[in-house]
Amino acid sequence: MIERRPPRLYVETALASGAEIELELAQTHYLRSVLRLDAGAAVAVFSRADGEWSCRIAEISRGGARLRVDRQSRPPKPEDALDPWLLFAPIKRARLDWLVEKATELGVTTLWPVWTRHTQAERINLERLRVHAIEAAEQSERLTVPELRPAERLERLLAAWPSDRRLVVCDESGGEPIGAVAARLPPGPVALLVGPEGGFEQTELDAVGKLSFVTRVGLGPRVLRAETAALAAVAVFQAIAGDWRRVRTR
């Protein structure tokens with residue numbers, strides 16, 4: 001029989017053996033009303049700084065819940081050398097929520113919306129997207145939640161780009177196959193940039209093509225929707241150059 005793992009919750013509280021954690025009302029509702037857990041039930045909590053810890057519910061009611069921290073089950077994860085960021089032009093709400101959820105599952109460390117000339121979405125609710133990212137991190141057994149950065153204009157973003165991070169621009173008009181680029185990627189941080197529905201404007205492609213830290217890549221013979229392109233690009237890089245090369249140990 002497969003042992004059922006306890007539910008996982010992301011917290012920003014410092015974790016140590018014997019400590020007690022007050023949960024947020026949404027977390028309390030999830031444990032009490034959705035999972036129907038009582039005092040004494042096992043719960044796992046995690047944070048970027050302290051890793052994952054085994055806990056027990058000390059007290060739970062409609063008004064809140066308190067966990068007692070027992071022991072560390074997984075230490076904090078060291079930063080991956082690739083440290084993959086995903087930059088994307090905002091799209092419609094439901095598809096954007098899905099993109100953030102799946103990118104989190106795939107191991108992206110930073111999610112950064114980018115305004116381009118052809119971007120059609122007008123608003124981004126970062127708080128809503130963060131909720132989706134946290135839930136995906138809890139489900140996928142990550143030890144971190146991606147950073148969600150405020151949306152930025154492409155021109156301003158490029159002007160302040162960190163010189164040590166390679167920017168891979170997914171260009172539907174053509175470019176070297178992404179798999180070939182990923183296979184020869186040198187160690188170091190990388191970011192993937194995917195454009196809006198309809199693609200980048202030619203002036204934008206001309207501008208990024210002149211930058212020394214940019215590599216333009218193609219995503220095959222078909223035109224992909226924006227969210228498909230983003231997740232396909234992340235999956236290729238994780239499989240060839242990223243943490244998909246490691247075996248899952250738990």
# chains A, B, ... in the order shown; residues from 1 in each chain; ligands from 1
$ residues_around --residues "region 22-34 of chain A" --least-positions-apart "3" --cutoff "6 Å" --atoms "only C-alpha atoms" --output "list in words"
Leu37, Gly64, Ala65 and Arg66 of chain A
$ write_last_selection --atoms "N, CA and C atoms" --output "PDB file, in the first residue's frame"
ATOM      1  N   LEU A  37      -9.319  17.692   8.618  1.00  0.00           N
ATOM      2  CA  LEU A  37      -8.312  17.227   9.569  1.00  0.00           C
ATOM      3  C   LEU A  37      -8.610  17.772  10.967  1.00  0.00           C
ATOM      4  N   GLY A  64      -9.123  29.642  13.265  1.00  0.00           N
ATOM      5  CA  GLY A  64      -7.695  29.561  12.995  1.00  0.00           C
ATOM      6  C   GLY A  64      -7.126  28.213  13.372  1.00  0.00           C
ATOM      7  N   ALA A  65      -5.852  28.031  13.069  1.00  0.00           N
ATOM      8  CA  ALA A  65      -5.170  26.774  13.377  1.00  0.00           C
ATOM      9  C   ALA A  65      -3.737  27.072  13.787  1.00  0.00           C
ATOM     10  N   ARG A  66      -3.216  26.179  14.626  1.00  0.00           N
ATOM     11  CA  ARG A  66      -1.847  26.300  15.103  1.00  0.00           C
ATOM     12  C   ARG A  66      -1.146  24.960  14.901  1.00  0.00           C
TER      13      ARG A  66
END
$ residues_around --residues "Leu157 (chain A)" --least-positions-apart "4" --cutoff "12 Å" --atoms "only C-alpha atoms" --output "PDB file with C-alpha atoms, in the first residue's frame"
ATOM      1  CA  LEU A  87       9.516  36.149 -19.169  1.00  0.00           C
ATOM      2  CA  TRP A 112       8.186  38.145 -15.129  1.00  0.00           C
ATOM      3  CA  PRO A 113       5.367  39.609 -17.273  1.00  0.00           C
ATOM      4  CA  VAL A 114       6.630  41.758 -20.148  1.00  0.00           C
ATOM      5  CA  TRP A 115       4.691  44.367 -22.109  1.00  0.00           C
ATOM      6  CA  THR A 116       5.434  44.165 -25.845  1.00  0.00           C
ATOM      7  CA  ARG A 149       7.867  40.415 -10.617  1.00  0.00           C
ATOM      8  CA  PRO A 150       5.758  43.416 -11.629  1.00  0.00           C
ATOM      9  CA  ALA A 151       5.192  43.757 -15.365  1.00  0.00           C
ATOM     10  CA  GLU A 152       7.811  45.755 -17.253  1.00  0.00           C
ATOM     11  CA  ARG A 153       8.117  47.212 -20.739  1.00  0.00           C
ATOM     12  CA  TRP A 161      19.336  43.432 -17.998  1.00  0.00           C
ATOM     13  CA  PRO A 162      21.995  41.687 -15.808  1.00  0.00           C
ATOM     14  CA  LEU A 167      18.430  35.692 -22.430  1.00  0.00           C
ATOM     15  CA  LEU A 193      11.427  35.161 -23.205  1.00  0.00           C
ATOM     16  CA  VAL A 208      17.070  42.145 -29.190  1.00  0.00           C
TER      17      VAL A 208
END
$ select_by_dssp --residues "region 121-215 of chain A" --states "helix (DSSP H, G or I)" --output "PDB file with N, CA and C atoms, in the first residue's frame"
ATOM      1  N   LEU A 126      -1.171  40.264  -9.756  1.00  0.00           N
ATOM      2  CA  LEU A 126      -0.042  39.496  -9.248  1.00  0.00           C
ATOM      3  C   LEU A 126      -0.407  38.692  -8.011  1.00  0.00           C
ATOM      4  N   GLU A 127      -1.301  39.216  -7.183  1.00  0.00           N
ATOM      5  CA  GLU A 127      -1.693  38.480  -5.983  1.00  0.00           C
ATOM      6  C   GLU A 127      -2.402  37.178  -6.351  1.00  0.00           C
ATOM      7  N   ARG A 128      -3.281  37.249  -7.353  1.00  0.00           N
ATOM      8  CA  ARG A 128      -3.967  36.032  -7.787  1.00  0.00           C
ATOM      9  C   ARG A 128      -2.969  35.027  -8.362  1.00  0.00           C
ATOM     10  N   LEU A 129      -2.019  35.528  -9.150  1.00  0.00           N
ATOM     11  CA  LEU A 129      -1.024  34.643  -9.741  1.00  0.00           C
ATOM     12  C   LEU A 129      -0.131  34.022  -8.669  1.00  0.00           C
ATOM     13  N   ARG A 130       0.163  34.782  -7.626  1.00  0.00           N
ATOM     14  CA  ARG A 130       0.984  34.246  -6.545  1.00  0.00           C
ATOM     15  C   ARG A 130       0.259  33.100  -5.829  1.00  0.00           C
ATOM     16  N   VAL A 131      -1.041  33.231  -5.655  1.00  0.00           N
ATOM     17  CA  VAL A 131      -1.812  32.149  -5.052  1.00  0.00           C
ATOM     18  C   VAL A 131      -1.682  30.875  -5.884  1.00  0.00           C
ATOM     19  N   HIS A 132      -1.787  31.018  -7.202  1.00  0.00           N
ATOM     20  CA  HIS A 132      -1.637  29.852  -8.084  1.00  0.00           C
ATOM     21  C   HIS A 132      -0.228  29.266  -7.983  1.00  0.00           C
ATOM     22  N   ALA A 133       0.780  30.132  -7.894  1.00  0.00           N
ATOM     23  CA  ALA A 133       2.157  29.648  -7.797  1.00  0.00           C
ATOM     24  C   ALA A 133       2.384  28.899  -6.485  1.00  0.00           C
ATOM     25  N   ILE A 134       1.847  29.419  -5.389  1.00  0.00           N
ATOM     26  CA  ILE A 134       1.999  28.750  -4.097  1.00  0.00           C
ATOM     27  C   ILE A 134       1.320  27.385  -4.117  1.00  0.00           C
ATOM     28  N   GLU A 135       0.102  27.336  -4.627  1.00  0.00           N
ATOM     29  CA  GLU A 135      -0.618  26.058  -4.678  1.00  0.00           C
ATOM     30  C   GLU A 135       0.132  25.042  -5.538  1.00  0.00           C
ATOM     31  N   ALA A 136       0.709  25.493  -6.644  1.00  0.00           N
ATOM     32  CA  ALA A 136       1.462  24.586  -7.509  1.00  0.00           C
ATOM     33  C   ALA A 136       2.741  24.109  -6.830  1.00  0.00           C
ATOM     34  N   ALA A 137       3.402  24.990  -6.078  1.00  0.00           N
ATOM     35  CA  ALA A 137       4.606  24.599  -5.342  1.00  0.00           C
ATOM     36  C   ALA A 137       4.270  23.573  -4.265  1.00  0.00           C
ATOM     37  N   GLU A 138       3.152  23.776  -3.577  1.00  0.00           N
ATOM     38  CA  GLU A 138       2.722  22.821  -2.549  1.00  0.00           C
ATOM     39  C   GLU A 138       2.449  21.455  -3.155  1.00  0.00           C
ATOM     40  N   GLN A 139       1.759  21.444  -4.296  1.00  0.00           N
ATOM     41  CA  GLN A 139       1.372  20.183  -4.930  1.00  0.00           C
ATOM     42  C   GLN A 139       2.568  19.442  -5.521  1.00  0.00           C
ATOM     43  N   SER A 140       3.510  20.183  -6.105  1.00  0.00           N
ATOM     44  CA  SER A 140       4.613  19.563  -6.833  1.00  0.00           C
ATOM     45  C   SER A 140       5.811  19.227  -5.949  1.00  0.00           C
ATOM     46  N   LEU A 154       9.281  45.910 -22.412  1.00  0.00           N
ATOM     47  CA  LEU A 154      10.406  45.175 -22.961  1.00  0.00           C
ATOM     48  C   LEU A 154      11.639  46.064 -23.081  1.00  0.00           C
ATOM     49  N   GLU A 155      11.464  47.278 -23.554  1.00  0.00           N
ATOM     50  CA  GLU A 155      12.604  48.168 -23.756  1.00  0.00           C
ATOM     51  C   GLU A 155      13.321  48.483 -22.444  1.00  0.00           C
ATOM     52  N   ARG A 156      12.561  48.753 -21.397  1.00  0.00           N
ATOM     53  CA  ARG A 156      13.167  49.079 -20.104  1.00  0.00           C
ATOM     54  C   ARG A 156      13.823  47.852 -19.486  1.00  0.00           C
ATOM     55  N   LEU A 157      13.200  46.715 -19.657  1.00  0.00           N
ATOM     56  CA  LEU A 157      13.757  45.475 -19.118  1.00  0.00           C
ATOM     57  C   LEU A 157      15.117  45.178 -19.745  1.00  0.00           C
ATOM     58  N   LEU A 158      15.202  45.303 -21.057  1.00  0.00           N
ATOM     59  CA  LEU A 158      16.462  45.025 -21.747  1.00  0.00           C
ATOM     60  C   LEU A 158      17.552  46.019 -21.378  1.00  0.00           C
ATOM     61  N   ALA A 159      17.156  47.256 -21.148  1.00  0.00           N
ATOM     62  CA  ALA A 159      18.139  48.290 -20.822  1.00  0.00           C
ATOM     63  C   ALA A 159      18.811  48.027 -19.483  1.00  0.00           C
ATOM     64  N   ILE A 178      15.795  25.156 -30.443  1.00  0.00           N
ATOM     65  CA  ILE A 178      16.022  25.367 -29.017  1.00  0.00           C
ATOM     66  C   ILE A 178      16.797  24.224 -28.375  1.00  0.00           C
ATOM     67  N   GLY A 179      16.590  23.001 -28.859  1.00  0.00           N
ATOM     68  CA  GLY A 179      17.315  21.880 -28.292  1.00  0.00           C
ATOM     69  C   GLY A 179      18.810  21.982 -28.508  1.00  0.00           C
ATOM     70  N   ALA A 180      19.222  22.455 -29.689  1.00  0.00           N
ATOM     71  CA  ALA A 180      20.646  22.597 -29.983  1.00  0.00           C
ATOM     72  C   ALA A 180      21.286  23.655 -29.101  1.00  0.00           C
ATOM     73  N   VAL A 181      20.561  24.756 -28.868  1.00  0.00           N
ATOM     74  CA  VAL A 181      21.079  25.818 -28.001  1.00  0.00           C
ATOM     75  C   VAL A 181      21.190  25.322 -26.564  1.00  0.00           C
ATOM     76  N   ALA A 182      20.169  24.623 -26.089  1.00  0.00           N
ATOM     77  CA  ALA A 182      20.186  24.124 -24.716  1.00  0.00           C
ATOM     78  C   ALA A 182      21.335  23.144 -24.491  1.00  0.00           C
ATOM     79  N   ALA A 183      21.671  22.342 -25.523  1.00  0.00           N
ATOM     80  CA  ALA A 183      22.709  21.332 -25.371  1.00  0.00           C
ATOM     81  C   ALA A 183      24.094  21.935 -25.174  1.00  0.00           C
ATOM     82  N   GLN A 202       8.665  43.281 -35.597  1.00  0.00           N
ATOM     83  CA  GLN A 202       9.977  43.133 -36.201  1.00  0.00           C
ATOM     84  C   GLN A 202      11.001  44.088 -35.594  1.00  0.00           C
ATOM     85  N   THR A 203      10.576  45.289 -35.245  1.00  0.00           N
ATOM     86  CA  THR A 203      11.519  46.232 -34.624  1.00  0.00           C
ATOM     87  C   THR A 203      12.014  45.703 -33.275  1.00  0.00           C
ATOM     88  N   GLU A 204      11.153  44.970 -32.552  1.00  0.00           N
ATOM     89  CA  GLU A 204      11.575  44.376 -31.279  1.00  0.00           C
ATOM     90  C   GLU A 204      12.596  43.274 -31.513  1.00  0.00           C
ATOM     91  N   LEU A 205      12.357  42.441 -32.529  1.00  0.00           N
ATOM     92  CA  LEU A 205      13.304  41.379 -32.852  1.00  0.00           C
ATOM     93  C   LEU A 205      14.640  41.955 -33.303  1.00  0.00           C
ATOM     94  N   ASP A 206      14.586  43.033 -34.066  1.00  0.00           N
ATOM     95  CA  ASP A 206      15.824  43.677 -34.516  1.00  0.00           C
ATOM     96  C   ASP A 206      16.612  44.211 -33.327  1.00  0.00           C
ATOM     97  N   ALA A 207      15.900  44.772 -32.357  1.00  0.00           N
ATOM     98  CA  ALA A 207      16.564  45.350 -31.189  1.00  0.00           C
ATOM     99  C   ALA A 207      17.210  44.268 -30.325  1.00  0.00           C
ATOM    100  N   VAL A 208      16.489  43.185 -30.050  1.00  0.00           N
ATOM    101  CA  VAL A 208      17.070  42.145 -29.190  1.00  0.00           C
ATOM    102  C   VAL A 208      18.194  41.410 -29.906  1.00  0.00           C
ATOM    103  N   GLY A 209      18.116  41.322 -31.238  1.00  0.00           N
ATOM    104  CA  GLY A 209      19.145  40.619 -31.991  1.00  0.00           C
ATOM    105  C   GLY A 209      20.504  41.285 -31.923  1.00  0.00           C
TER     106      GLY A 209
END
$ closest_atom_pairs --of "region 73-105 of chain A" --to "region 231-234 of chain A" --cutoff "10 Å" --atoms "only C-alpha atoms" --output "CSV"
residue,atom,partner,partner_atom,distance
A:Pro84,CA,A:Val234,CA,8.0
A:Trp85,CA,A:Val234,CA,8.9
A:Leu86,CA,A:Val234,CA,7.7
A:Leu99,CA,A:Leu231,CA,7.2
A:Val100,CA,A:Leu231,CA,9.5
A:Lys102,CA,A:Leu231,CA,7.3
A:Ala103,CA,A:Leu231,CA,6.4
$ write_last_selection --atoms "N, CA and C atoms" --output "PDB file, in the first residue's frame"
ATOM      1  N   PRO A  84      16.365  29.089 -13.806  1.00  0.00           N
ATOM      2  CA  PRO A  84      15.599  29.527 -14.980  1.00  0.00           C
ATOM      3  C   PRO A  84      14.501  30.533 -14.671  1.00  0.00           C
ATOM      4  N   TRP A  85      14.539  31.646 -15.368  1.00  0.00           N
ATOM      5  CA  TRP A  85      13.473  32.634 -15.330  1.00  0.00           C
ATOM      6  C   TRP A  85      12.592  32.431 -16.561  1.00  0.00           C
ATOM      7  N   LEU A  86      11.325  32.818 -16.427  1.00  0.00           N
ATOM      8  CA  LEU A  86      10.420  32.828 -17.576  1.00  0.00           C
ATOM      9  C   LEU A  86       9.822  34.213 -17.712  1.00  0.00           C
ATOM     10  N   LEU A  99      -0.614  29.000 -17.124  1.00  0.00           N
ATOM     11  CA  LEU A  99       0.808  29.141 -17.426  1.00  0.00           C
ATOM     12  C   LEU A  99       1.625  29.233 -16.140  1.00  0.00           C
ATOM     13  N   VAL A 100       1.182  30.075 -15.209  1.00  0.00           N
ATOM     14  CA  VAL A 100       1.909  30.257 -13.944  1.00  0.00           C
ATOM     15  C   VAL A 100       1.940  28.961 -13.147  1.00  0.00           C
ATOM     16  N   LYS A 102       1.726  25.807 -14.249  1.00  0.00           N
ATOM     17  CA  LYS A 102       2.571  24.792 -14.870  1.00  0.00           C
ATOM     18  C   LYS A 102       4.047  25.192 -14.882  1.00  0.00           C
ATOM     19  N   ALA A 103       4.332  26.464 -15.050  1.00  0.00           N
ATOM     20  CA  ALA A 103       5.725  26.917 -14.998  1.00  0.00           C
ATOM     21  C   ALA A 103       6.311  26.677 -13.615  1.00  0.00           C
TER      22      ALA A 103
END
$ closest_residue --among "A:Ala14, A:Val169, A:Ile240, A:Ala226" --to "Trp98 (chain A)" --atoms "only C-alpha atoms"
A:Ala226
$ closest_residue --among "A:Leu35, A:Gly107, A:Arg48, A:Ala16" --to "Asp70 (chain A)" --atoms "only C-alpha atoms"
A:Ala16
